file data_16.tsv (TSV, C-alpha atoms)
chain	number	residue	atom	x	y	z
A	1	MET	CA	98.38	109.13	71.40
A	2	LYS	CA	101.16	106.90	72.68
A	3	PRO	CA	101.42	106.81	76.47
A	4	LYS	CA	104.75	106.96	78.22
A	5	PHE	CA	105.38	104.38	80.94
A	6	GLY	CA	107.79	105.41	83.69
A	7	ILE	CA	109.21	102.36	85.45
A	8	ILE	CA	110.64	103.04	88.89
A	9	VAL	CA	113.82	101.14	89.70
A	10	PHE	CA	114.58	100.48	93.37
A	11	PRO	CA	117.64	98.66	94.61
A	12	GLY	CA	116.35	95.09	94.48
A	13	SER	CA	113.71	95.55	91.77
A	14	ASN	CA	113.90	92.61	89.38
A	15	CYS	CA	110.81	92.90	87.17
A	16	ASP	CA	111.68	96.39	85.94
A	17	HIS	CA	113.15	95.09	82.69
A	18	ASP	CA	110.15	92.81	82.09
A	19	ALA	CA	107.83	95.80	82.45
A	20	TYR	CA	109.99	97.92	80.14
A	21	TYR	CA	110.18	95.11	77.60
A	22	ALA	CA	106.42	94.58	77.66
A	23	ALA	CA	105.57	98.28	77.32
A	24	LYS	CA	108.20	99.25	74.79
A	25	LYS	CA	109.28	96.21	72.77
A	26	ILE	CA	106.06	94.21	72.70
A	27	LEU	CA	103.41	96.93	72.75
A	28	GLY	CA	105.36	99.78	71.17
A	29	TYR	CA	104.65	102.44	73.79
A	30	ASP	CA	107.22	104.87	75.15
A	31	ALA	CA	108.96	103.68	78.29
A	32	GLU	CA	111.75	104.92	80.50
A	33	PHE	CA	113.42	103.70	83.66
A	34	ILE	CA	113.35	106.11	86.61
A	35	TRP	CA	115.99	105.52	89.30
A	36	HIS	CA	114.56	105.72	92.81
A	37	LYS	CA	116.80	108.71	93.66
A	38	GLU	CA	115.26	110.88	90.93
A	39	LYS	CA	112.82	113.54	91.97
A	40	ASP	CA	110.69	113.87	88.87
A	41	LEU	CA	108.80	111.42	86.74
A	42	LYS	CA	110.19	112.51	83.34
A	43	GLY	CA	106.82	113.31	81.85
A	44	SER	CA	105.42	109.81	82.31
A	45	ASP	CA	101.71	109.19	81.75
A	46	VAL	CA	101.72	105.92	83.67
A	47	ILE	CA	103.98	104.92	86.55
A	48	ILE	CA	104.84	101.29	87.19
A	49	LEU	CA	106.25	100.17	90.54
A	50	PRO	CA	107.70	96.83	89.47
A	51	GLY	CA	108.10	93.55	91.29
A	52	GLY	CA	111.20	92.39	93.07
A	53	PHE	CA	112.68	92.63	96.52
A	54	SER	CA	113.27	96.33	97.08
A	55	TYR	CA	115.78	96.87	99.87
A	56	GLY	CA	115.96	93.11	100.32
A	57	ASP	CA	112.42	93.08	101.74
A	58	TYR	CA	114.05	93.98	105.05
A	59	LEU	CA	111.77	94.91	107.95
A	60	ARG	CA	108.57	94.46	105.91
A	61	THR	CA	108.06	94.22	102.15
A	62	GLY	CA	108.00	97.71	100.66
A	63	ALA	CA	108.55	99.39	104.03
A	64	ILE	CA	111.83	101.11	103.13
A	65	ALA	CA	111.21	101.71	99.42
A	66	ARG	CA	108.31	103.98	100.27
A	67	PHE	CA	110.82	106.50	101.64
A	68	SER	CA	112.87	106.62	98.41
A	69	PRO	CA	113.13	110.19	97.07
A	70	VAL	CA	111.10	109.39	93.93
A	71	MET	CA	108.13	108.26	96.00
A	72	ASP	CA	107.25	111.85	96.90
A	73	ALA	CA	106.71	112.55	93.22
A	74	VAL	CA	104.79	109.28	92.74
A	75	TYR	CA	102.57	110.09	95.71
A	76	LYS	CA	101.74	113.55	94.36
A	77	PHE	CA	101.23	112.15	90.85
A	78	ALA	CA	98.75	109.59	92.22
A	79	LEU	CA	96.85	112.11	94.32
A	80	GLY	CA	96.59	114.34	91.26
A	81	GLY	CA	94.88	111.54	89.33
A	82	GLY	CA	97.95	110.07	87.59
A	83	THR	CA	97.79	106.39	86.65
A	84	VAL	CA	99.93	104.18	88.90
A	85	ILE	CA	100.36	100.40	88.67
A	86	GLY	CA	102.03	98.49	91.48
A	87	ILE	CA	102.90	94.90	90.63
A	88	CYS	CA	103.78	92.41	93.38
A	89	ASN	CA	106.48	94.23	95.39
A	90	GLY	CA	105.14	97.44	93.83
A	91	PHE	CA	101.71	96.60	95.30
A	92	GLN	CA	103.35	96.10	98.70
A	93	ILE	CA	104.99	99.54	98.39
A	94	LEU	CA	101.62	101.15	97.54
A	95	LEU	CA	100.17	99.61	100.71
A	96	GLU	CA	103.06	100.79	102.88
A	97	ILE	CA	102.86	104.35	101.56
A	98	GLY	CA	99.11	104.37	102.08
A	99	LEU	CA	97.95	104.94	98.49
A	100	LEU	CA	96.05	101.68	98.85
A	101	PRO	CA	94.54	100.30	102.08
A	102	GLY	CA	95.56	97.09	103.84
A	103	VAL	CA	98.74	95.12	104.30
A	104	MET	CA	100.48	92.01	102.93
A	105	MET	CA	101.35	89.11	105.17
A	106	LYS	CA	103.34	85.95	104.54
A	107	ASN	CA	101.54	83.37	102.42
A	108	GLN	CA	99.42	81.12	104.57
A	109	SER	CA	101.43	78.11	103.38
A	110	LEU	CA	104.67	79.94	104.29
A	111	LYS	CA	105.90	78.88	100.85
A	112	PHE	CA	106.96	81.02	97.95
A	113	VAL	CA	104.28	80.46	95.30
A	114	CYS	CA	105.28	80.51	91.64
A	115	LYS	CA	102.61	79.37	89.17
A	116	ASP	CA	99.88	80.54	86.79
A	117	VAL	CA	96.60	81.60	88.39
A	118	TYR	CA	93.26	82.78	87.05
A	119	LEU	CA	91.78	86.11	88.04
A	120	ARG	CA	88.17	87.16	87.80
A	121	ILE	CA	87.74	90.78	86.79
A	122	GLU	CA	85.49	92.38	89.41
A	123	ASN	CA	85.25	95.91	88.07
A	124	SER	CA	85.34	97.39	84.57
A	125	GLY	CA	84.71	101.02	85.38
A	126	ASN	CA	88.39	101.91	85.37
A	127	VAL	CA	91.23	102.44	82.91
A	128	PHE	CA	92.95	99.15	83.79
A	129	THR	CA	90.22	96.76	82.67
A	130	LYS	CA	87.71	98.89	80.76
A	131	SER	CA	88.74	97.59	77.32
A	132	ILE	CA	89.06	93.95	78.36
A	133	LYS	CA	86.32	91.72	76.99
A	134	LYS	CA	87.30	88.56	78.86
A	135	GLU	CA	85.86	87.72	82.28
A	136	THR	CA	88.96	85.99	83.58
A	137	LEU	CA	92.67	86.39	82.92
A	138	LYS	CA	95.56	83.99	83.34
A	139	PHE	CA	98.60	85.59	85.01
A	140	PRO	CA	101.63	84.14	86.76
A	141	VAL	CA	102.17	84.80	90.46
A	142	ALA	CA	105.57	84.66	92.16
A	143	HIS	CA	105.63	85.80	95.76
A	144	GLY	CA	106.15	84.82	99.37
A	145	GLU	CA	104.02	87.59	100.86
A	146	GLY	CA	100.79	88.01	98.95
A	147	ASN	CA	98.38	87.24	101.73
A	148	TYR	CA	96.25	90.39	101.62
A	149	PHE	CA	94.82	91.54	104.93
A	150	ALA	CA	92.61	94.46	105.91
A	151	ASP	CA	90.16	94.93	108.75
A	152	GLU	CA	86.47	94.22	108.24
A	153	GLU	CA	85.58	97.88	107.86
A	154	THR	CA	88.19	98.43	105.14
A	155	LEU	CA	87.02	95.32	103.27
A	156	LYS	CA	83.43	96.53	103.34
A	157	SER	CA	84.50	99.92	102.10
A	158	LEU	CA	86.56	98.37	99.27
A	159	ASP	CA	83.54	96.33	98.23
A	160	LYS	CA	81.10	99.21	98.48
A	161	HIS	CA	83.21	101.52	96.34
A	162	GLY	CA	84.03	98.93	93.69
A	163	GLN	CA	87.72	98.97	94.56
A	164	ILE	CA	88.28	95.23	94.37
A	165	LEU	CA	89.63	94.66	90.88
A	166	PHE	CA	90.73	91.00	90.76
A	167	ARG	CA	89.95	87.89	92.77
A	168	TYR	CA	91.70	84.52	92.42
A	169	SER	CA	89.31	82.17	90.65
A	170	SER	CA	88.98	79.13	88.43
A	171	ALA	CA	89.37	79.48	84.65
A	172	ASP	CA	85.61	79.98	84.37
A	173	GLY	CA	85.43	82.60	87.10
A	174	LYS	CA	84.43	80.61	90.15
A	175	VAL	CA	85.84	82.24	93.27
A	176	ASP	CA	86.70	79.69	95.93
A	177	SER	CA	89.41	79.10	98.51
A	178	GLU	CA	90.82	76.23	96.45
A	179	PHE	CA	91.95	78.79	93.84
A	180	ASN	CA	93.55	81.07	96.42
A	181	PRO	CA	97.36	80.71	96.24
A	182	ASN	CA	98.27	82.65	99.39
A	183	GLY	CA	95.36	82.89	101.83
A	184	SER	CA	94.44	86.48	100.95
A	185	LEU	CA	91.14	87.65	102.40
A	186	HIS	CA	88.16	87.19	100.08
A	187	ASN	CA	90.56	85.86	97.40
A	188	ILE	CA	91.72	89.40	96.73
A	189	ALA	CA	94.47	89.58	94.09
A	190	GLY	CA	94.25	93.24	93.11
A	191	ILE	CA	92.63	96.45	94.35
A	192	MET	CA	92.35	100.12	93.39
A	193	ASN	CA	92.13	103.37	95.29
A	194	ARG	CA	88.74	105.06	95.46
A	195	ASN	CA	89.45	107.28	92.46
A	196	LYS	CA	90.44	104.18	90.49
A	197	ASN	CA	93.67	105.63	89.14
A	198	VAL	CA	95.97	103.56	91.37
A	199	MET	CA	96.04	99.78	91.03
A	200	GLY	CA	97.99	97.19	92.98
A	201	LEU	CA	98.05	93.50	92.09
A	202	MET	CA	100.14	90.52	93.13
A	203	PRO	CA	100.14	88.62	89.78
A	204	HIS	CA	102.48	89.71	87.00
A	205	PRO	CA	100.84	91.03	83.79
A	206	GLU	CA	104.25	92.12	82.42
A	207	ARG	CA	105.36	88.48	82.37
A	208	CYS	CA	102.64	87.40	79.97
A	209	CYS	CA	102.72	89.90	77.12
A	210	ASP	CA	105.10	88.33	74.63
A	211	PRO	CA	103.30	85.88	72.28
A	212	ILE	CA	106.38	83.66	72.28
A	213	LEU	CA	105.59	82.82	75.93
A	214	GLY	CA	102.22	81.36	75.00
A	215	ASN	CA	100.04	83.75	76.97
A	216	THR	CA	99.34	87.40	76.20
A	217	ASP	CA	96.64	88.15	78.78
A	218	GLY	CA	98.95	90.64	80.49
A	219	SER	CA	99.07	92.85	77.41
A	220	LEU	CA	95.32	93.46	77.79
A	221	ILE	CA	95.99	95.57	80.89
A	222	PHE	CA	98.64	97.67	79.13
A	223	LYS	CA	96.36	98.12	76.11
A	224	SER	CA	93.37	99.06	78.24
A	225	VAL	CA	95.43	101.68	80.08
A	226	ALA	CA	96.78	103.06	76.79
A	227	GLU	CA	93.31	103.24	75.27
A	228	ASN	CA	91.63	104.89	78.23
A	229	ILE	CA	93.96	107.22	80.10
A	230	PHE	CA	93.68	110.08	77.61
A	231	ASN	CA	89.89	109.98	77.50
B	1	MET	CA	123.07	108.82	125.06
B	2	PHE	CA	120.39	106.16	125.32
B	3	LYS	CA	120.13	102.60	124.15
B	4	ALA	CA	116.67	101.94	122.76
B	5	THR	CA	115.09	98.52	122.52
B	6	VAL	CA	111.94	98.14	120.45
B	7	ILE	CA	109.82	95.00	120.35
B	8	ILE	CA	107.29	94.70	117.55
B	9	LYS	CA	104.49	92.21	117.94
B	10	ARG	CA	101.74	91.12	115.68
B	11	ARG	CA	98.34	92.04	117.14
B	12	PRO	CA	96.78	89.14	119.04
B	13	LYS	CA	93.87	88.74	116.58
B	14	ILE	CA	96.10	88.68	113.50
B	15	LEU	CA	97.01	85.24	112.25
B	16	ASP	CA	100.71	84.46	112.55
B	17	PRO	CA	101.58	81.69	110.08
B	18	GLU	CA	105.25	81.89	111.05
B	19	GLY	CA	104.48	81.31	114.72
B	20	LYS	CA	102.21	78.40	113.80
B	21	ALA	CA	104.88	76.75	111.66
B	22	VAL	CA	107.51	77.14	114.37
B	23	GLU	CA	105.15	75.63	116.91
B	24	GLN	CA	104.67	72.62	114.68
B	25	GLY	CA	108.44	72.21	114.86
B	26	ALA	CA	108.27	72.46	118.65
B	27	LYS	CA	105.76	69.61	118.73
B	28	LEU	CA	107.97	67.49	116.50
B	29	LEU	CA	110.82	68.04	118.93
B	30	GLY	CA	108.63	66.91	121.77
B	31	PHE	CA	107.97	70.26	123.44
B	32	ASN	CA	104.39	69.32	124.08
B	33	ASN	CA	103.69	72.05	126.62
B	34	VAL	CA	104.53	74.87	124.19
B	35	LYS	CA	101.45	76.84	123.15
B	36	GLY	CA	100.61	80.11	121.41
B	37	THR	CA	103.95	80.77	119.67
B	38	ARG	CA	104.06	84.26	118.14
B	39	ILE	CA	106.97	85.64	116.13
B	40	GLY	CA	107.85	89.33	116.44
B	41	LYS	CA	110.81	91.60	115.84
B	42	TYR	CA	113.48	92.97	118.14
B	43	VAL	CA	115.29	96.18	117.16
B	44	GLU	CA	118.00	97.98	119.14
B	45	PHE	CA	119.79	101.22	118.43
B	46	LEU	CA	121.38	104.25	120.07
B	47	VAL	CA	119.79	107.67	120.42
B	48	GLU	CA	122.27	110.51	120.66
B	49	THR	CA	120.70	112.85	123.17
B	50	ASP	CA	120.82	113.30	126.92
B	51	ASP	CA	117.20	114.34	127.17
B	52	ARG	CA	115.00	111.34	127.93
B	53	GLU	CA	111.82	113.04	126.79
B	54	SER	CA	113.13	113.86	123.32
B	55	ALA	CA	114.65	110.36	123.04
B	56	GLU	CA	111.25	108.84	123.84
B	57	LYS	CA	109.56	111.04	121.28
B	58	GLU	CA	112.04	110.07	118.58
B	59	VAL	CA	111.86	106.33	119.28
B	60	LYS	CA	108.07	106.45	119.29
B	61	GLU	CA	107.91	108.25	115.95
B	62	TYR	CA	110.52	105.96	114.39
B	63	SER	CA	108.55	102.93	115.59
B	64	GLU	CA	105.25	104.29	114.29
B	65	LYS	CA	106.50	105.51	110.92
B	66	LEU	CA	108.90	102.78	109.90
B	67	LEU	CA	109.60	99.94	112.31
B	68	SER	CA	106.00	98.78	112.70
B	69	ASN	CA	102.92	98.69	110.53
B	70	PRO	CA	100.02	99.92	112.69
B	71	ILE	CA	97.49	97.87	110.70
B	72	ILE	CA	98.78	94.55	112.04
B	73	GLU	CA	101.46	95.32	114.62
B	74	ASP	CA	101.90	96.89	118.05
B	75	PHE	CA	105.21	97.95	119.53
B	76	GLU	CA	106.71	98.64	122.91
B	77	PHE	CA	110.08	100.12	123.75
B	78	SER	CA	112.46	100.80	126.58
B	79	LEU	CA	115.32	103.29	126.98
B	80	GLU	CA	118.47	102.74	128.94
B	81	LYS	CA	120.87	105.60	129.68
B	82	ILE	CA	124.34	104.45	128.78
B	83	LYS	CA	126.64	107.48	129.14

call {"tool": "encode", "arguments": {"input": "data_16.tsv", "output": "structure tokens"}}
result
Amino acid sequence: MKPKFGIIVFPGSNCDHDAYYAAKKILGYDAEFIWHKEKDLKGSDVIILPGGFSYGDYLRTGAIARFSPVMDAVYKFALGGGTVIGICNGFQILLEIGLLPGVMMKNQSLKFVCKDVYLRIENSGNVFTKSIKKETLKFPVAHGEGNYFADEETLKSLDKHGQILFRYSSADGKVDSEFNPNGSLHNIAGIMNRNKNVMGLMPHPERCCDPILGNTDGSLIFKSVAENIFN
Amino acid sequence: MFKATVIIKRRPKILDPEGKAVEQGAKLLGFNNVKGTRIGKYVEFLVETDDRESAEKEVKEYSEKLLSNPIIEDFEFSLEKIK
């Protein structure tokens, strides 16, 4: 069965077309844009909150987008077990709305970071990485605020419940501060909610799906989701 | 009507890379006595009510729900009657 990806478009989203292109043109799944003023999710099986600068990143990243009308439907969809992927700015929105714990701060370097990074997969008991055979993935990052922060108690709880999905690492999976592009605590690049149906990550899988770009690691996430959400 | 002023500060224990970078600039300019620079936000707006209590309640809720993120920030506000 072909999944349908619903891609939410906020004013200021700029990776929405990349996500649509990856899901529909490269991988051949159904995909549809959903304007942030809509109130229903058009029968989507997977919701993507794409990267960008929703509402100009004013106040705090993701702080205003979380109040967009469509987010009520996304929130209910997520609580009901629906699969939600927040990429970069989408991750920041998931944090602000409270579907994922923690907060994003400015990169420690105060610089916008735009480069390829390696991620070590920390958990395979979820739809996002279950079908992936590799131990590390190469994804591009492009953000100014990816410095993940949560208090000690939250970090312990994330660890205990297997909610940490990706950590910045070397190509062979060594996790160390030298591979951390933004200062995020414990090299965290991506996390899930406790039910493991909501994922947020700073790197961009949708930007590395097309073989012509020389890296298709991102497509592994889309394929894993497609293979596992109906099981 | 009231004029509300909200100041949002990063909690003391939370690292403030922006404040650090600005302080480096201060040192370069020769302000050698400057220490502990922290960057926050200042927001002002009007509240259309004559009842101070309900104005306070509204400003507090607005600050909690949108203007600040309680995980890393604290806020304080003041109200000034203007009409």

call {"tool": "closest_atom_pairs", "arguments": {"input": "data_16.tsv", "of": "chain A", "to": "chain B", "cutoff": "9 Å", "atoms": "all atoms listed in the file", "output": "tab-separated table"}}
result
residue	atom	partner	partner_atom	distance
A:Leu59	CA	B:Leu67	CA	7.0
A:Arg60	CA	B:Asn69	CA	8.4
A:Ala63	CA	B:Leu66	CA	6.8
A:Ile64	CA	B:Leu66	CA	7.6
A:Glu96	CA	B:Asn69	CA	7.9
A:Gly102	CA	B:Ile71	CA	7.2
A:Val103	CA	B:Ile71	CA	7.1
A:Met105	CA	B:Asp16	CA	8.7
A:Lys106	CA	B:Pro17	CA	7.2
A:Asn107	CA	B:Pro17	CA	7.8
A:Gln108	CA	B:Pro17	CA	5.9
A:Ser109	CA	B:Pro17	CA	7.6
A:Leu110	CA	B:Pro17	CA	6.8
A:Phe149	CA	B:Ile72	CA	8.7
A:Ala150	CA	B:Ile71	CA	7.6
A:Asp151	CA	B:Ile71	CA	8.1

call {"tool": "residues_near_point", "arguments": {"input": "data_16.tsv", "point": "(109.6, 111.2, 124.1)", "cutoff": "12 Å", "atoms": "all atoms listed in the file", "output": "PyMOL selection string"}}
result
chain B and resi 2+4+47+49-63+77-79

call {"tool": "atom_distance", "arguments": {"input": "data_16.tsv", "atom1": "atom CA of A:Arg194", "atom2": "atom CA of A:Lys160"}}
result
10.1 Å

call {"tool": "residues_near_point", "arguments": {"input": "data_16.tsv", "point": "(125.5, 106.8, 125.1)", "cutoff": "6 Å", "atoms": "only C-alpha atoms", "output": "PyMOL selection string"}}
result
chain B and resi 1-2+82-83

call {"tool": "residues_around", "arguments": {"input": "data_16.tsv", "residues": "A:Ile34", "least_positions_apart": "5", "cutoff": "10 Å", "atoms": "only C-alpha atoms", "output": "JSON, numbers by chain"}}
result
{"A": [5, 6, 7, 8, 9, 10, 16, 39, 40, 41, 42, 44, 47, 48, 70]}

call {"tool": "residues_around", "arguments": {"input": "data_16.tsv", "residues": "B:Val34", "least_positions_apart": "6", "cutoff": "9 Å", "atoms": "all atoms listed in the file", "output": "JSON, numbers by chain"}}
result
{"B": [23, 26, 27]}

call {"tool": "residues_around", "arguments": {"input": "data_16.tsv", "residues": "stretch 85-91 of chain A", "least_positions_apart": "3", "cutoff": "7 Å", "atoms": "only C-alpha atoms", "output": "PyMOL selection string"}}
result
chain A and resi 47-53+61-62+94-95+198-204

call {"tool": "atom_distance", "arguments": {"input": "data_16.tsv", "atom1": "atom CA of A:Asn231", "atom2": "atom CA of A:Thr129"}}
result
14.2 Å

call {"tool": "atom_distance", "arguments": {"input": "data_16.tsv", "atom1": "atom CA of A:Val117", "atom2": "atom CA of A:Lys130"}}
result
20.9 Å

call {"tool": "closest_residue", "arguments": {"input": "data_16.tsv", "among": "B:Val22, B:Leu28, B:Asp74, B:Phe45", "to": "B:Lys9", "atoms": "all atoms listed in the file"}}
result
B:Asp74

call {"tool": "residues_around", "arguments": {"input": "data_16.tsv", "residues": "A:Asn228", "least_positions_apart": "3", "cutoff": "9 Å", "atoms": "only C-alpha atoms", "output": "list in words"}}
result
Asn126, Val127, Phe128, Lys130, Ser131, Lys223, Ser224, Val225 and Asn231 of chain A

call {"tool": "axis_aligned_box", "arguments": {"input": "data_16.tsv", "around": "stretch 138-146 of chain A", "padding_each_side": "8 Å", "output": "AutoDock Vina command-line options"}}
result
--center_x 100.9 --center_y 86.0 --center_z 92.1 --size_x 26.6 --size_y 20.0 --size_z 33.5

call {"tool": "decode", "arguments": {"input": "data_16.tsv", "residues": "stretch 5-83 of chain B", "atoms": "C-alpha atoms", "output": "compact mmCIF listing (two decimals), in the first residue's frame"}}
result
# COMPACT_ATOMS: atom_id res chain seq x y z
CA THR B 5 6.15 45.92 29.30
CA VAL B 6 7.46 42.36 29.33
CA ILE B 7 11.10 41.43 29.77
CA ILE B 8 12.11 37.90 28.89
CA LYS B 9 15.37 36.58 30.25
CA ARG B 10 17.21 33.38 29.76
CA ARG B 11 17.46 31.44 33.03
CA PRO B 12 20.76 32.08 34.81
CA LYS B 13 21.99 28.48 34.40
CA ILE B 14 21.26 28.35 30.66
CA LEU B 15 24.19 29.11 28.43
CA ASP B 16 23.77 32.31 26.43
CA PRO B 17 26.05 32.15 23.38
CA GLU B 18 24.72 35.50 22.14
CA GLY B 19 25.62 37.24 25.39
CA LYS B 20 29.07 35.65 25.30
CA ALA B 21 29.73 36.80 21.75
CA VAL B 22 28.60 40.35 22.53
CA GLU B 23 30.85 40.42 25.57
CA GLN B 24 33.80 39.43 23.41
CA GLY B 25 33.00 42.53 21.36
CA ALA B 26 32.92 44.60 24.54
CA LYS B 27 36.41 43.41 25.42
CA LEU B 28 37.66 44.27 21.94
CA LEU B 29 36.31 47.78 22.40
CA GLY B 30 38.15 48.07 25.66
CA PHE B 31 35.22 47.77 28.07
CA ASN B 32 37.27 45.64 30.40
CA ASN B 33 34.97 45.97 33.40
CA VAL B 34 31.97 44.49 31.58
CA LYS B 35 31.05 41.04 32.89
CA GLY B 36 28.16 38.58 32.66
CA THR B 37 26.43 39.93 29.53
CA ARG B 38 23.06 38.27 28.98
CA ILE B 39 20.76 38.96 26.03
CA GLY B 40 17.00 38.93 26.56
CA LYS B 41 13.88 40.30 24.89
CA TYR B 42 11.81 43.39 25.52
CA VAL B 43 8.16 43.42 24.40
CA GLU B 44 5.66 46.25 24.85
CA PHE B 45 1.99 46.42 23.95
CA LEU B 46 -1.34 47.90 25.01
CA VAL B 47 -4.06 46.08 26.90
CA GLU B 48 -7.54 47.44 26.30
CA THR B 49 -9.19 47.18 29.68
CA ASP B 50 -9.56 49.42 32.72
CA ASP B 51 -9.38 46.55 35.16
CA ARG B 52 -5.83 46.04 36.38
CA GLU B 53 -6.46 42.52 37.61
CA SER B 54 -7.75 41.25 34.27
CA ALA B 55 -4.92 43.07 32.45
CA GLU B 56 -2.38 41.32 34.68
CA LYS B 57 -4.00 37.96 34.04
CA GLU B 58 -3.94 38.48 30.28
CA VAL B 59 -0.32 39.64 30.16
CA LYS B 60 0.77 36.73 32.32
CA GLU B 61 -0.97 34.18 30.12
CA TYR B 62 0.33 35.79 26.92
CA SER B 63 3.86 35.72 28.35
CA GLU B 64 3.57 32.10 29.45
CA LYS B 65 1.93 30.74 26.30
CA LEU B 66 3.73 32.62 23.57
CA LEU B 67 6.27 35.27 24.51
CA SER B 68 8.52 33.03 26.60
CA ASN B 69 9.53 29.40 26.57
CA PRO B 70 9.34 28.18 30.19
CA ILE B 71 12.03 25.54 29.58
CA ILE B 72 14.80 28.12 29.23
CA GLU B 73 13.29 31.53 29.95
CA ASP B 74 11.76 33.55 32.78
CA PHE B 75 9.74 36.72 32.33
CA GLU B 76 8.71 39.72 34.34
CA PHE B 77 6.26 42.45 33.42
CA SER B 78 4.94 45.80 34.50
CA LEU B 79 1.68 47.63 33.74
CA GLU B 80 1.26 51.35 33.42
CA LYS B 81 -2.20 52.94 33.27
CA ILE B 82 -2.23 55.33 30.36
CA LYS B 83 -5.82 56.58 30.00
